[in-house]
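Data block for entry.cif (mmCIF, C-alpha atoms (C1' of nucleotides)):
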```
data_work
#
loop_
_atom_site.label_atom_id
_atom_site.label_comp_id
_atom_site.auth_asym_id
_atom_site.auth_seq_id
_atom_site.Cartn_x
_atom_site.Cartn_y
_atom_site.Cartn_z
CA MET U 1 -6.67 -17.06 49.20
CA ALA U 2 -8.72 -17.63 46.08
CA GLU U 3 -10.11 -14.11 46.23
CA THR U 4 -6.66 -12.58 45.94
CA VAL U 5 -5.71 -14.74 43.00
CA THR U 6 -8.93 -14.01 41.17
CA SER U 7 -8.84 -10.27 41.75
CA LEU U 8 -5.16 -10.04 40.91
CA SER U 9 -5.73 -11.93 37.73
CA ARG U 10 -8.54 -9.62 36.66
CA LYS U 11 -6.55 -6.57 37.73
CA GLU U 12 -3.62 -7.74 35.66
CA GLN U 13 -5.94 -8.24 32.72
CA VAL U 14 -7.00 -4.61 33.07
CA ILE U 15 -3.40 -3.44 33.29
CA ARG U 16 -2.32 -5.42 30.25
CA LYS U 17 -5.14 -4.02 28.12
CA ALA U 18 -4.27 -0.56 29.44
CA ALA U 19 -0.68 -1.05 28.36
CA GLU U 20 -1.81 -1.85 24.82
CA LEU U 21 -4.02 1.21 24.77
CA PHE U 22 -1.36 3.51 26.21
CA LYS U 23 1.15 2.29 23.69
CA GLU U 24 -1.27 2.76 20.84
CA LYS U 25 -2.73 6.19 21.63
CA GLY U 26 -0.46 7.57 24.33
CA TYR U 27 -1.42 7.90 28.00
CA SER U 28 -3.17 11.26 27.74
CA ALA U 29 -5.15 10.47 24.64
CA ALA U 30 -6.30 7.14 26.06
CA SER U 31 -9.49 7.51 28.06
CA MET U 32 -10.86 5.23 30.73
CA ARG U 33 -13.92 4.74 28.53
CA ASP U 34 -11.66 3.51 25.72
CA LEU U 35 -10.08 1.07 28.13
CA ALA U 36 -13.44 -0.12 29.42
CA GLN U 37 -14.67 -0.71 25.89
CA LYS U 38 -11.61 -2.84 25.11
CA LEU U 39 -12.57 -5.00 28.09
CA GLY U 40 -16.27 -5.05 27.26
CA ILE U 41 -17.34 -3.34 30.49
CA GLU U 42 -18.41 0.12 31.67
CA ALA U 43 -15.82 2.74 32.60
CA ALA U 44 -16.96 2.92 36.20
CA SER U 45 -16.45 -0.82 36.58
CA LEU U 46 -12.72 -0.38 36.16
CA TYR U 47 -12.57 1.15 39.61
CA SER U 48 -13.45 -2.19 41.20
CA HIS U 49 -9.96 -3.25 40.16
CA ILE U 50 -7.74 -0.17 40.15
CA LYS U 51 -7.56 2.99 42.20
CA SER U 52 -6.93 5.45 39.40
CA LYS U 53 -5.72 5.81 35.83
CA GLU U 54 -2.33 6.89 37.07
CA GLU U 55 -1.99 3.86 39.30
CA ILE U 56 -1.98 1.76 36.13
CA LEU U 57 0.81 3.82 34.63
CA ARG U 58 2.77 3.69 37.90
CA THR U 59 2.46 -0.09 38.04
CA LEU U 60 3.59 -0.49 34.45
CA CYS U 61 6.57 1.82 34.80
CA PHE U 62 7.89 0.61 38.13
CA ASP U 63 7.40 -3.08 37.38
CA MET U 64 9.48 -2.72 34.24
CA ALA U 65 12.08 -0.70 36.12
CA ALA U 66 12.42 -3.50 38.66
CA GLU U 67 13.05 -6.03 35.93
CA PHE U 68 15.72 -3.92 34.30
CA ARG U 69 17.48 -3.44 37.62
CA ALA U 70 17.39 -7.12 38.45
CA SER U 71 18.90 -7.98 35.08
CA LEU U 72 21.69 -5.45 35.52
CA ALA U 73 22.48 -6.61 39.05
CA GLU U 74 23.05 -10.12 37.71
CA VAL U 75 25.55 -8.84 35.19
CA GLU U 76 27.45 -6.77 37.73
CA LYS U 77 28.04 -9.85 39.86
CA LYS U 78 29.94 -11.62 37.07
CA GLN U 79 33.73 -11.74 37.02
CA VAL U 80 34.31 -10.63 33.45
CA SER U 81 35.89 -7.70 31.62
CA ALA U 82 34.15 -4.33 31.39
CA SER U 83 33.46 -4.69 27.70
CA GLU U 84 31.94 -8.10 28.31
CA LYS U 85 29.79 -6.65 31.10
CA LEU U 86 28.59 -4.01 28.68
CA ARG U 87 27.78 -6.70 26.16
CA LEU U 88 25.88 -8.81 28.69
CA GLY U 89 24.12 -5.72 30.02
CA ILE U 90 22.83 -4.86 26.58
CA ILE U 91 21.69 -8.42 25.90
CA GLY U 92 19.94 -8.51 29.27
CA HIS U 93 18.21 -5.22 28.58
CA VAL U 94 16.95 -6.46 25.24
CA LYS U 95 15.71 -9.71 26.75
CA VAL U 96 13.74 -7.87 29.44
CA MET U 97 12.16 -5.68 26.79
CA ALA U 98 11.35 -8.61 24.55
CA LYS U 99 9.48 -10.33 27.38
CA ASP U 100 6.89 -7.54 27.25
CA LEU U 101 7.25 -5.19 24.31
CA THR U 102 4.01 -3.41 25.10
CA ALA U 103 4.91 -2.54 28.67
CA SER U 104 8.39 -1.58 27.49
CA ALA U 105 6.98 0.91 25.02
CA VAL U 106 4.85 2.46 27.75
CA PHE U 107 7.77 2.50 30.17
CA MET U 108 9.86 4.40 27.69
CA ASN U 109 7.35 6.79 26.11
CA GLU U 110 4.74 7.50 28.75
CA HIS U 111 6.61 7.71 32.05
CA ARG U 112 6.67 11.48 31.81
CA HIS U 113 2.95 11.57 32.56
CA LEU U 114 3.57 10.35 36.06
CA SER U 115 2.92 13.07 38.61
CA GLN U 116 5.13 13.90 41.55
CA PRO U 117 6.52 12.32 43.61
CA SER U 118 6.42 9.19 41.43
CA LEU U 119 8.00 10.99 38.51
CA ARG U 120 10.99 12.11 40.55
CA GLU U 121 11.46 8.61 41.94
CA PHE U 122 11.25 7.08 38.49
CA LEU U 123 13.82 9.46 37.03
CA LEU U 124 16.22 8.73 39.86
CA LEU U 125 15.99 5.00 39.18
CA ARG U 126 16.56 5.68 35.53
CA ILE U 127 19.63 7.88 35.91
CA ASN U 128 21.13 5.35 38.28
CA TYR U 129 20.61 2.57 35.75
CA ILE U 130 22.18 4.60 32.97
CA ASN U 131 25.13 5.59 35.12
CA ARG U 132 25.94 1.98 35.83
CA PHE U 133 26.19 1.34 32.09
CA LYS U 134 28.31 4.45 31.78
CA GLN U 135 30.60 2.94 34.40
CA PHE U 136 31.11 -0.12 32.18
CA ILE U 137 32.26 2.16 29.39
CA GLU U 138 34.60 4.12 31.64
CA ASP U 139 36.08 0.92 33.01
CA GLY U 140 36.52 -0.31 29.46
CA ILE U 141 38.44 2.83 28.58
CA ALA U 142 40.61 2.51 31.68
CA SER U 143 41.45 -1.10 30.86
CA GLY U 144 42.32 -0.28 27.25
CA ASP U 145 39.39 -2.22 25.75
CA PHE U 146 37.84 0.98 24.43
CA LYS U 147 39.26 4.07 22.77
CA LYS U 148 40.54 6.81 25.04
CA ASN U 149 38.86 9.73 23.30
CA ILE U 150 35.27 8.58 23.73
CA ASP U 151 32.64 11.03 24.95
CA THR U 152 31.09 8.66 27.48
CA LYS U 153 27.91 10.65 27.94
CA LEU U 154 27.34 10.70 24.19
CA ALA U 155 28.12 7.01 23.94
CA VAL U 156 25.75 5.93 26.68
CA MET U 157 22.91 8.16 25.44
CA THR U 158 23.34 6.78 21.93
CA LEU U 159 23.27 3.30 23.36
CA PHE U 160 20.01 3.81 25.21
CA SER U 161 18.42 5.67 22.37
CA SER U 162 18.95 2.66 20.16
CA LEU U 163 17.77 0.22 22.76
CA ASN U 164 14.71 2.11 23.82
CA TRP U 165 13.18 2.49 20.41
CA MET U 166 13.30 -1.20 19.80
CA PRO U 167 9.84 -1.97 21.20
CA LEU U 168 8.32 0.44 18.70
CA TRP U 169 9.55 -1.33 15.61
CA PHE U 170 10.39 -4.86 16.71
CA SER U 171 7.57 -7.27 16.01
CA PRO U 172 7.23 -10.52 17.94
CA GLU U 173 6.53 -12.36 14.69
CA SER U 174 10.01 -11.49 13.50
CA THR U 175 12.24 -14.44 12.75
CA ILE U 176 15.05 -12.99 14.83
CA GLU U 177 15.14 -14.11 18.46
CA PRO U 178 15.67 -11.68 21.35
CA GLU U 179 18.97 -13.26 22.36
CA ASN U 180 20.21 -13.02 18.80
CA LEU U 181 18.89 -9.49 18.39
CA GLY U 182 20.60 -8.46 21.61
CA THR U 183 23.87 -9.93 20.45
CA GLN U 184 23.72 -8.21 17.08
CA LEU U 185 22.82 -4.89 18.67
CA ALA U 186 25.59 -5.22 21.22
CA ASP U 187 28.14 -5.99 18.50
CA MET U 188 27.05 -3.07 16.39
CA LEU U 189 27.05 -0.61 19.26
CA ILE U 190 30.23 -1.81 20.93
CA ASN U 191 32.34 -1.97 17.78
CA GLY U 192 32.17 1.80 17.60
CA LEU U 193 33.86 2.02 20.99
CA LYS U 194 36.54 -0.63 20.60
CA GLN U 195 40.19 0.00 19.82
CA ASN U 196 41.20 -0.87 16.28
CA PRO U 197 44.26 -2.95 17.13
CA MET X 1 1.55 43.23 2.06
CA ALA X 2 2.23 44.47 5.55
CA GLU X 3 -0.79 42.61 6.90
CA THR X 4 0.55 39.25 5.80
CA VAL X 5 3.97 39.86 7.29
CA THR X 6 2.55 40.92 10.64
CA SER X 7 0.06 38.08 10.89
CA LEU X 8 2.64 35.51 9.83
CA SER X 9 5.05 36.73 12.44
CA ARG X 10 2.44 36.49 15.17
CA LYS X 11 1.32 33.13 13.83
CA GLU X 12 4.86 31.85 13.98
CA GLN X 13 5.15 33.10 17.53
CA VAL X 14 2.11 31.01 18.42
CA ILE X 15 3.53 27.96 16.67
CA ARG X 16 6.89 28.25 18.38
CA LYS X 17 5.31 28.48 21.82
CA ALA X 18 3.08 25.56 20.92
CA ALA X 19 6.14 23.52 20.00
CA GLU X 20 7.63 24.17 23.43
CA LEU X 21 4.40 23.17 25.10
CA PHE X 22 3.92 20.03 22.98
CA LYS X 23 7.46 18.94 23.69
CA GLU X 24 7.06 19.54 27.41
CA LYS X 25 3.65 17.97 28.06
CA GLY X 26 2.91 16.03 24.88
CA TYR X 27 0.32 17.04 22.29
CA SER X 28 -2.72 15.50 23.95
CA ALA X 29 -1.94 16.74 27.44
CA ALA X 30 -1.32 20.27 26.19
CA SER X 31 -4.52 22.30 26.08
CA MET X 32 -5.25 25.39 24.04
CA ARG X 33 -5.77 27.23 27.33
CA ASP X 34 -2.25 26.25 28.41
CA LEU X 35 -0.92 27.62 25.16
CA ALA X 36 -2.92 30.83 25.46
CA GLN X 37 -1.61 31.37 28.98
CA LYS X 38 1.97 30.99 27.77
CA LEU X 39 1.28 33.80 25.31
CA GLY X 40 -0.61 35.94 27.79
CA ILE X 41 -3.89 35.88 25.87
CA GLU X 42 -7.24 34.10 26.00
CA ALA X 43 -7.71 30.68 24.43
CA ALA X 44 -10.28 31.92 21.92
CA SER X 45 -7.85 34.56 20.67
CA LEU X 46 -5.57 31.85 19.31
CA TYR X 47 -8.09 31.25 16.55
CA SER X 48 -7.34 34.64 15.03
CA HIS X 49 -4.00 33.11 14.05
CA ILE X 50 -4.51 29.41 13.53
CA LYS X 51 -7.34 27.25 12.25
CA SER X 52 -7.11 24.46 14.78
CA LYS X 53 -4.86 22.75 17.29
CA GLU X 54 -4.01 20.08 14.78
CA GLU X 55 -3.02 22.63 12.16
CA ILE X 56 -0.17 23.62 14.49
CA LEU X 57 1.01 20.04 14.78
CA ARG X 58 0.71 19.56 11.04
CA THR X 59 2.80 22.65 10.36
CA LEU X 60 5.49 21.59 12.81
CA CYS X 61 5.72 18.04 11.48
CA PHE X 62 5.68 18.78 7.76
CA ASP X 63 8.03 21.76 7.96
CA MET X 64 10.61 19.59 9.72
CA ALA X 65 10.04 16.79 7.22
CA ALA X 66 10.76 19.19 4.36
CA GLU X 67 14.06 20.22 5.92
CA PHE X 68 15.17 16.63 6.40
CA ARG X 69 14.34 15.81 2.80
CA ALA X 70 16.18 18.82 1.46
CA SER X 71 19.27 17.89 3.45
CA LEU X 72 19.20 14.31 2.18
CA ALA X 73 18.69 15.39 -1.42
CA GLU X 74 21.88 17.45 -1.23
CA VAL X 75 23.85 14.44 -0.03
CA GLU X 76 22.50 12.15 -2.75
CA LYS X 77 23.77 14.54 -5.42
CA LYS X 78 27.38 14.19 -4.28
CA GLN X 79 29.82 11.92 -6.11
CA VAL X 80 31.20 10.03 -3.11
CA SER X 81 31.23 6.47 -1.79
CA ALA X 82 28.19 4.93 -0.13
CA SER X 83 29.78 4.95 3.31
CA GLU X 84 30.67 8.62 2.88
CA LYS X 85 27.09 9.38 1.81
CA LEU X 86 25.87 7.64 4.93
CA ARG X 87 28.26 9.72 7.00
CA LEU X 88 27.18 12.98 5.38
CA GLY X 89 23.53 12.00 5.64
CA ILE X 90 23.88 11.49 9.38
CA ILE X 91 25.70 14.78 9.87
CA GLY X 92 23.06 16.58 7.81
CA HIS X 93 20.27 15.00 9.84
CA VAL X 94 21.89 16.09 13.09
CA LYS X 95 22.40 19.63 11.81
CA VAL X 96 18.75 19.96 10.80
CA MET X 97 17.70 18.77 14.24
CA ALA X 98 20.10 21.08 16.01
CA LYS X 99 18.65 24.10 14.19
CA ASP X 100 15.39 23.56 16.07
CA LEU X 101 15.56 21.00 18.83
CA THR X 102 12.07 21.79 20.06
CA ALA X 103 10.36 21.26 16.73
CA SER X 104 12.49 18.15 16.22
CA ALA X 105 11.28 16.66 19.46
CA VAL X 106 7.67 17.29 18.46
CA PHE X 107 8.28 15.91 14.98
CA MET X 108 9.61 12.70 16.43
CA ASN X 109 7.34 12.13 19.44
CA GLU X 110 4.00 13.70 18.58
CA HIS X 111 3.45 13.00 14.89
CA ARG X 112 1.29 10.03 15.75
CA HIS X 113 -1.45 12.40 16.94
CA LEU X 114 -2.01 13.61 13.41
CA SER X 115 -5.33 12.42 12.05
CA GLN X 116 -5.92 10.99 8.60
CA PRO X 117 -5.06 11.72 5.88
CA SER X 118 -2.13 13.76 7.24
CA LEU X 119 -0.86 10.85 9.29
CA ARG X 120 -0.71 8.55 6.31
CA GLU X 121 1.07 11.18 4.24
CA PHE X 122 3.56 11.82 7.01
CA LEU X 123 4.38 8.14 7.46
CA LEU X 124 4.94 7.75 3.73
CA LEU X 125 7.45 10.59 3.73
CA ARG X 126 9.15 9.02 6.70
CA ILE X 127 9.47 5.53 5.30
CA ASN X 128 10.82 6.97 2.08
CA TYR X 129 13.46 8.92 3.99
CA ILE X 130 14.51 5.87 5.97
CA ASN X 131 14.67 3.68 2.89
CA ARG X 132 17.07 6.09 1.22
CA PHE X 133 19.43 5.70 4.18
CA LYS X 134 18.96 1.95 3.99
CA GLN X 135 20.03 2.17 0.36
CA PHE X 136 23.33 3.78 1.44
CA ILE X 137 23.97 0.82 3.70
CA GLU X 138 23.10 -1.72 1.01
CA ASP X 139 25.33 0.08 -1.48
CA GLY X 140 28.09 0.05 1.13
CA ILE X 141 27.74 -3.69 1.53
CA ALA X 142 27.79 -4.22 -2.25
CA SER X 143 30.96 -2.14 -2.62
CA GLY X 144 32.71 -3.99 0.21
CA ASP X 145 32.85 -0.98 2.55
CA PHE X 146 30.54 -2.69 5.00
CA LYS X 147 30.31 -6.24 6.31
CA LYS X 148 28.29 -8.72 4.24
CA ASN X 149 26.27 -10.22 7.10
CA ILE X 150 24.59 -7.02 8.25
CA ASP X 151 20.84 -7.03 8.95
CA THR X 152 20.14 -3.79 7.09
CA LYS X 153 16.73 -3.23 8.63
CA LEU X 154 18.17 -3.62 12.11
CA ALA X 155 21.06 -1.34 11.25
CA VAL X 156 18.93 1.46 9.87
CA MET X 157 16.42 1.29 12.71
CA THR X 158 19.23 1.44 15.25
CA LEU X 159 20.67 4.40 13.42
CA PHE X 160 17.43 6.37 13.50
CA SER X 161 16.68 5.41 17.06
CA SER X 162 19.95 6.97 18.13
CA LEU X 163 19.45 10.04 16.02
CA ASN X 164 15.87 10.66 16.97
CA TRP X 165 16.34 10.68 20.71
CA MET X 166 18.99 13.33 20.44
CA PRO X 167 16.70 16.35 20.81
CA LEU X 168 15.47 14.97 24.11
CA TRP X 169 18.84 14.96 25.84
CA PHE X 170 21.01 17.33 23.83
CA SER X 171 21.08 20.79 25.39
CA PRO X 172 21.97 23.84 23.29
CA GLU X 173 24.26 25.09 26.08
CA SER X 174 26.43 22.02 25.55
CA THR X 175 30.02 22.74 24.56
CA ILE X 176 29.82 20.28 21.70
CA GLU X 177 28.80 21.76 18.34
CA PRO X 178 26.23 20.12 16.08
CA GLU X 179 28.76 19.48 13.30
CA ASN X 180 31.11 17.85 15.78
CA LEU X 181 28.30 15.90 17.43
CA GLY X 182 27.14 14.67 14.04
CA THR X 183 30.65 13.55 13.13
CA GLN X 184 31.13 11.68 16.40
CA LEU X 185 27.75 10.01 16.11
CA ALA X 186 28.42 9.03 12.51
CA ASP X 187 31.79 7.52 13.45
CA MET X 188 30.33 5.58 16.33
CA LEU X 189 27.43 4.22 14.34
CA ILE X 190 29.31 3.49 11.14
CA ASN X 191 32.23 1.71 12.78
CA GLY X 192 29.85 -1.08 13.73
CA LEU X 193 29.12 -1.67 10.06
CA LYS X 194 32.60 -1.43 8.61
CA GLN X 195 34.81 -4.31 7.61
CA ASN X 196 37.67 -5.00 10.00
CA PRO X 197 40.47 -5.19 7.45
"C1'" DT F 1 -11.50 62.71 10.93
"C1'" DT F 2 -13.13 58.43 9.16
"C1'" DC F 3 -12.13 53.76 7.46
"C1'" DT F 4 -9.91 49.49 7.78
"C1'" DT F 5 -7.47 45.81 9.65
"C1'" DC F 6 -5.35 43.26 13.28
"C1'" DA F 7 -5.42 41.14 17.54
"C1'" DA F 8 -7.37 40.80 21.33
"C1'" DC F 9 -11.74 40.19 24.16
"C1'" DT F 10 -16.34 37.95 26.56
"C1'" DA F 11 -19.68 34.45 26.56
"C1'" DA F 12 -21.06 30.31 25.48
"C1'" DC F 13 -21.62 25.65 23.07
"C1'" DA F 14 -21.63 20.60 23.13
"C1'" DG F 15 -18.86 16.94 24.13
"C1'" DT F 16 -15.42 14.45 26.97
"C1'" DT F 17 -12.69 13.67 31.07
"C1'" DG F 18 -11.64 10.88 35.60
"C1'" DT F 19 -14.09 9.51 39.29
"C1'" DT F 20 -17.84 8.62 43.10
"C1'" DA F 21 -21.83 6.44 45.30
"C1'" DG F 22 -24.90 3.15 45.55
"C1'" DT F 23 -27.03 -1.03 43.46
"C1'" DT F 24 -27.55 -5.37 41.06
"C1'" DT F 25 -25.90 -9.55 38.96
"C1'" DT F 26 -22.95 -13.65 38.88
"C1'" DG F 27 -20.95 -17.76 40.47
"C1'" DC F 28 -18.82 -20.33 44.02
"C1'" DT F 29 -18.88 -22.34 48.95
"C1'" DT F 30 -21.14 -23.98 52.66
"C1'" DA B 1 -30.99 -23.14 49.55
"C1'" DA B 2 -28.45 -19.48 51.76
"C1'" DG B 3 -24.60 -16.63 52.11
"C1'" DC B 4 -20.74 -14.31 50.34
"C1'" DA B 5 -17.59 -11.88 47.70
"C1'" DA B 6 -16.20 -10.49 43.14
"C1'" DA B 7 -17.40 -7.86 39.34
"C1'" DA B 8 -20.33 -5.76 36.95
"C1'" DC B 9 -24.02 -2.11 36.55
"C1'" DT B 10 -26.67 2.91 36.37
"C1'" DA B 11 -26.56 7.67 37.25
"C1'" DA B 12 -24.35 11.48 38.06
"C1'" DC B 13 -20.66 15.05 39.45
"C1'" DA B 14 -17.60 18.94 38.43
"C1'" DA B 15 -13.99 20.12 35.72
"C1'" DC B 16 -12.03 20.59 31.39
"C1'" DT B 17 -11.83 20.09 26.14
"C1'" DG B 18 -11.56 22.49 21.30
"C1'" DT B 19 -13.99 25.74 19.06
"C1'" DT B 20 -17.67 29.40 17.50
"C1'" DA B 21 -19.90 33.90 17.25
"C1'" DG B 22 -19.94 38.36 17.84
"C1'" DT B 23 -17.65 42.52 19.88
"C1'" DT B 24 -14.10 45.99 21.14
"C1'" DG B 25 -9.90 48.74 21.44
"C1'" DA B 26 -5.67 50.20 19.10
"C1'" DA B 27 -2.95 51.64 15.16
"C1'" DG B 28 -2.10 53.20 10.74
"C1'" DA B 29 -3.96 54.86 5.97
"C1'" DA B 30 -7.11 57.62 3.39
#
```

Would you mind writing the file out in structure tokens?
Amino acid sequence: MAETVTSLSRKEQVIRKAAELFKEKGYSAASMRDLAQKLGIEAASLYSHIKSKEEILRTLCFDMAAEFRASLAEVEKKQVSASEKLRLGIIGHVKVMAKDLTASAVFMNEHRHLSQPSLREFLLLRINYINRFKQFIEDGIASGDFKKNIDTKLAVMTLFSSLNWMPLWFSPESTIEPENLGTQLADMLINGLKQNP
Amino acid sequence: MAETVTSLSRKEQVIRKAAELFKEKGYSAASMRDLAQKLGIEAASLYSHIKSKEEILRTLCFDMAAEFRASLAEVEKKQVSASEKLRLGIIGHVKVMAKDLTASAVFMNEHRHLSQPSLREFLLLRINYINRFKQFIEDGIASGDFKKNIDTKLAVMTLFSSLNWMPLWFSPESTIEPENLGTQLADMLINGLKQNP
DNA sequence: TTCTTCAACTAACAGTTGTTAGTTTTGCTT
DNA sequence: AAGCAAAACTAACAACTGTTAGTTGAAGAA
């Protein structure tokens, strides 16, 4: 149906501009009138396309979450060592972020403005995702790839801290490619865990 | 003067509660009426103690900034290798954060809501601080402590990403002490830079 | 007791917020 | 040319925003 395509396309346009605005000013400080102005329309006109301000945030957060999960599921299927899974997981995470740095920044910084029950659901997805990375580290310790005396919680939080700030300082005009960036990051972060043989 | 002492103490009480609120809800989503309620007074009464909402944020951000700078200045004085300076700088940074996790979280997440010219001033302090850490890394490369092919910008951004998220997940009830946490973090982050001899 | 100072109060302001209801314009399809 | 749906519009709402002006009660100093 042409109608669906058209309306979806306009709706997505609204959501993309909203993502830019949310990243720039933060969700709370960004008003619907700001958003409307960016699109050259009146604030009330936005509601032809979206149900509420929060629906935009929900869409942004959960769409990104789905992409991260899909990327991780691919890695888990592979028949490789735990440390290699960790490496591929990191690269995958970076690639997903690089595909949409704006949405990634919103995903990471603004999700807390979701109201219940969306917030609870989001946090559950998130902790699950993190725990699966933590599992890679624990498996790596068990197999002797990684040091025995690692604080796994500390390690995994450090890992995600590094990854999640990336969209705030990485610029798409940079000469470094996402794949390359992911590899460098993975090397840097994993070397701290590895045994020194 | 007794008056000054009393008013300062009450003012600081207001600022501390504000820090909790700003961390919890974000600066923009936190209203002066929320803050007043937390203190058990009316919103208008806050203005006996502070000039404006933004003055609170300014105080929080610049007080933290001063502590970080003081800590770094101490490290730079020492007569040790670049990699050791980096290590001590990281530990110092973590210790300053651990002294006030709430203010640290605000410092890191909410500073962007400062208006000009405070924002500009803040960002200049920040870039200066980061560049001095970057210098440690470059010195470490020059002296052969660190690998030659390191992307120093990437390395320093990764470092601060890890450090800056800490106040969001570190809980004061944790068994791990700040000094110990700082040491572990420093080891983990620096091992990725070191030569494998 | 009277004076002073602090820290709270009430009342109100002008502006902004997300959102709604109902209407008009636009551009394609028949 | 007529009909239709998408996408915009105007006008308005109730609630909330940071902040001000002026006032009052309590506590300690003179």

Exercise for review: Enumerate, as a list in words, the residues matched when the PyMOL selection byres ((chain U) within 8 of (chain X)) is run on the file above.
Suggested key: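 With the shown file as input, the PyMOL selection byres ((chain U) within 8 of (chain X)) matches Lys25, Ser28, Ala29, His113, Met157, Thr158, Leu159, Phe160, Ser161, Ser162, Leu163, Asn164, Trp165, Met166, Trp169, Asp187, Met188, Leu189, Ile190, Asn191, Gly192 and Leu193 of chain U.
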
Practice item. Excluding X:Glu121 and any residue of its chain fewer than 5 positions from it, enumerate the residues within 12 Å of it, using all atoms listed in the file, and give them as a ChimeraX atom specification. Key: /X:58,61-62,65,111-112,114-116,126-128

Practice item. Starting from the shown file, work through the PyMOL selection byres ((chain F and resi 30) around 9) and note down what comes out as a ChimeraX atom specification. Key: /F:29 /B:2-3

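Take atom C1' of F:DT19 and atom CA of U:Lys11: the distance between them is 17.8 Å.
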
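Against the coordinates shown, the PyMOL selection byres ((chain B) within 8 of (chain U)) returns DA5, DA6, DA7, DA8 and DC9 of chain B.
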
Check your understanding: How would you write as a list in words the residues that get within 9 Å of (-5.8, 7.3, 33.5) in the file's frame, counting only C-alpha atoms (C1' of nucleotides)?
Key -> Ala18, Tyr27, Ser28, Ala30, Ser31, Met32, Ser52, Lys53, Glu54, Glu55, Ile56 and Leu57 of chain U; DG18 of chain F

Hey, can I get the axis-aligned box for stretch 7-21 of chain F? All listed atoms, 5 Å padding on each side, centre and edge lengths in Å to one decimal, as lines of an AutoDock Vina configuration file.
```
center_x = -13.6
center_y = 23.8
center_z = 31.4
size_x = 26.4
size_y = 44.7
size_z = 37.8
```

At a cut-off of 8 Å, can you tabulate as JSON lines every residue of chain F near chain X together with its closest atom pair and the distance in Å to one decimal, using all atoms listed in the file and ordering rows by chain then number?
```
{"residue": "F:DT5", "atom": "C1'", "partner": "X:Glu3", "partner_atom": "CA", "distance": 7.9}
{"residue": "F:DC6", "atom": "C1'", "partner": "X:Ser7", "partner_atom": "CA", "distance": 7.9}
{"residue": "F:DA7", "atom": "C1'", "partner": "X:Ser48", "partner_atom": "CA", "distance": 7.2}
{"residue": "F:DA8", "atom": "C1'", "partner": "X:Ser45", "partner_atom": "CA", "distance": 6.3}
{"residue": "F:DC9", "atom": "C1'", "partner": "X:Ser45", "partner_atom": "CA", "distance": 7.7}
```

Exercise for review: Do a neighbour search on stretch 132-144 of chain U at 7 Å with all atoms listed in the file, toss out local chain neighbours closer than 3 positions, and write the hits as a PyMOL selection string.
Suggested key: chain U and resi 82-83+85-86+128-129+147-148+152+156

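For the pair atom CA of X:Leu21 and atom CA of X:Glu67, the separation is 21.7 Å.
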
Practice item. Scan for residues within 9 Å of the point (-18.4, 35.0, 24.7) in the coordinates of the file, using only C-alpha atoms (C1' of nucleotides), and reply as a ChimeraX atom specification. Key: /F:9-12 /B:21-23

Generate a file of the selected residues that holds C-alpha atoms (C1' of nucleotides), formatted as a PDB file, in the coordinates of the input.
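Output (result-v1.pdb):
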```pdb
ATOM      1  C1'  DC F   9     -11.740  40.190  24.160  1.00  0.00           C
ATOM      2  C1'  DT F  10     -16.340  37.950  26.560  1.00  0.00           C
ATOM      3  C1'  DA F  11     -19.680  34.450  26.560  1.00  0.00           C
ATOM      4  C1'  DA F  12     -21.060  30.310  25.480  1.00  0.00           C
TER       5       DA F  12
ATOM      6  C1'  DA B  21     -19.900  33.900  17.250  1.00  0.00           C
ATOM      7  C1'  DG B  22     -19.940  38.360  17.840  1.00  0.00           C
ATOM      8  C1'  DT B  23     -17.650  42.520  19.880  1.00  0.00           C
TER       9       DT B  23
END
```

Revision key, fill the gap. Between atom CA of U:Ala43 and atom C1' of F:DT20 lies a distance of 12.2 Å

Check your understanding: Leaving out B:DA15 and any residue of its chain fewer than 2 positions from it, which residues lie within 10 Å of it when counting all atoms listed in the file, given as an NGL selection string?
Key -> (:F and (17-18)) or (:B and (13 or 17))
